[in-house]
Amino acid sequence: MTRQDDLDSVYSLLDDLEATVGGKRKLGDCDGRMNWPNRGIYFFFDPEETRSEPDQLRLTRIGTHAVSEGSSTSLWNRLRTHRGPQRGTYEDGGNHRGSVFRKRIGEAIIEKDNLEKEYSEWGVGSSAGRELRMEELDMERRVSEYIRDLPFLWVDVDDEPSPESDRAYIERNMIALVSNIDTESIDPRREDWLGHHSPVMEIKQSGLWNINHLTEDYQPEFLETFEGYIDRMPGFA
């Protein structure tokens with residue numbers, strides 16, 4: 001089997017997953033009252049980009065949560081952090097210091113629009129006071145607008161938090177498979193993909209809003225593990 005074959009298998013399994021959960025969602029339409037699994041893996045797609053063939057939306061971010069022993073973060077908690085609050089002081093904004101996904105998208109927008117001076121503290125430190133967060137609120141809102149419009153899927157993988165969990169295993173292998181770094185470029189990204197403006201070379205080259213596992217060798221066997229979890233997924237309401 002070639003990398004192209006394995007990549008086609010991933011997208012075929014994602015089609016199966018989409019049918020199981022009743023379609024892709026967007027974070028702008030989601031809330032914590034929905035029947036989210038406790039733990040899982042999420043897959044974001046670009047709404048304006050399709051694979052070379054067939055006509056499928058291409059993956060743009062693969063992620064999970066709670067892979068450190070003792071972590072109690074739930075799948076929805078992680079997705080909510082990416083989405084940002086919908087009310088309150090930071091309404092329609094968010095906290096990029098709590099979400100690397102938000103941080104990377106913000107970096108690309110800042111680079112694209114030459115806003116480095118206006119947002120010189122973006123991504124600096126693990127926390128920020130109210131004054132700085134208010135100064136960054138407009139950019140946080142732009143990041144939220146972008147993320148909330150990305151279609152996504154998720155799979156229920158409720159094993160114990162650990163770097164050796166199936167969630168971590170599937171995540172790192174899928175990232176390695178989809179990444180275009182140091183390998184044949186499959187499903188090339190459009191010239192106007194926001195990630196091309198990222199100051200992080202790995203994002204530009206891989207075509208993913210990910211940093212880790214991009215240059216690793218993947219194990220094709222992970223596809224069977226992924227398929228097994230999809231087969232055990234209940235419908236979603």
# chains A, B, ... in the order shown; residues from 1 in each chain; ligands from 1
>>> residues_around(residues="range 15-30 of chain A", least_positions_apart="6", cutoff="10 Å", atoms="only C-alpha atoms", output="MDAnalysis selection string")
chainID A and resid 9 43:45 56 76 79:80 82:84 86 92 144:155 227 229:237
>>> residues_around(residues="range 201-212 of chain A", least_positions_apart="2", cutoff="7 Å", atoms="only C-alpha atoms", output="list in words")
Thr60, Arg61, Phe101, Ser179, Asn180, Ile181, Arg189, Gly195, His196, Ser198, Pro199 and Leu214 of chain A
>>> closest_residue(among="A:Ser127, A:Met174, A:Tyr90, A:Met139", to="Leu115 in chain A", atoms="only C-alpha atoms")
A:Met139
>>> closest_residue(among="A:Pro188, A:Gly63, A:Gly88, A:Gly125", to="Ile41 in chain A", atoms="only C-alpha atoms")
A:Gly63
>>> select_by_dssp(residues="range 43-104 of chain A", states="alpha helix (DSSP H)", output="number ranges by chain")
A: 75-83, 100-104
>>> closest_residue(among="A:Arg133, A:His65, A:Arg3, A:His213", to="Asp166 in chain A", atoms="only C-alpha atoms")
A:His65
>>> residues_around(residues="Val124 in chain A", least_positions_apart="6", cutoff="12 Å", atoms="only C-alpha atoms", output="ChimeraX atom specification")
/A:96-98,100,103,107,132-133,136
>>> write_last_selection(atoms="N, CA and C atoms", output="tab-separated table (two decimals), in the first residue's frame")
chain	number	residue	atom	x	y	z
A	96	HIS	N	-6.21	32.77	23.15
A	96	HIS	CA	-5.26	32.00	22.36
A	96	HIS	C	-4.13	31.42	23.20
A	97	ARG	N	-3.96	31.92	24.42
A	97	ARG	CA	-2.92	31.36	25.29
A	97	ARG	C	-3.36	30.03	25.90
A	98	GLY	N	-4.62	29.70	25.73
A	98	GLY	CA	-5.12	28.41	26.17
A	98	GLY	C	-5.41	27.46	25.03
A	100	VAL	N	-3.46	26.40	21.34
A	100	VAL	CA	-2.42	26.55	20.33
A	100	VAL	C	-3.04	26.72	18.95
A	103	LYS	N	-3.85	30.29	18.64
A	103	LYS	CA	-2.59	31.03	18.56
A	103	LYS	C	-2.03	31.01	17.14
A	107	GLU	N	-1.56	34.14	14.52
A	107	GLU	CA	-0.25	34.48	13.96
A	107	GLU	C	-0.33	34.68	12.45
A	132	LEU	N	-4.52	43.58	28.65
A	132	LEU	CA	-3.95	43.04	27.41
A	132	LEU	C	-4.97	42.23	26.64
A	133	ARG	N	-5.77	41.46	27.35
A	133	ARG	CA	-6.78	40.66	26.65
A	133	ARG	C	-7.80	41.53	25.94
A	136	GLU	N	-6.35	42.74	22.76
A	136	GLU	CA	-6.26	41.68	21.75
A	136	GLU	C	-7.63	41.15	21.32
>>> closest_residue(among="A:Trp193, A:Ser162, A:Phe226, A:Ser185", to="Leu14 in chain A", atoms="only C-alpha atoms")
A:Phe226
>>> atom_distance(atom1="CA of Val10 in chain A", atom2="CA of Arg167 in chain A")
15.3 Å
>>> residues_around(residues="range 219-221 of chain A", least_positions_apart="3", cutoff="8 Å", atoms="only C-alpha atoms", output="list in words")
Asp6, Asn173, Glu224 and Thr225 of chain A
>>> select_by_dssp(residues="range 58-188 of chain A", states="strand (DSSP E or B)", output="PyMOL selection string")
chain A and resi 58-63+151-156
>>> residues_around(residues="Gly70 in chain A", least_positions_apart="6", cutoff="12 Å", atoms="only C-alpha atoms", output="list in words")
Glu160, Pro161, Ser162 and Pro163 of chain A
>>> closest_residue(among="A:Thr183, A:Thr81, A:Arg142, A:Asn35", to="Asp113 in chain A", atoms="only C-alpha atoms")
A:Arg142
>>> atom_distance(atom1="CA of Ile186 in chain A", atom2="CA of Lys112 in chain A")
24.8 Å
>>> closest_residue(among="A:Asp8, A:Arg172, A:Glu91, A:Ala66", to="Asp217 in chain A", atoms="only C-alpha atoms")
A:Arg172
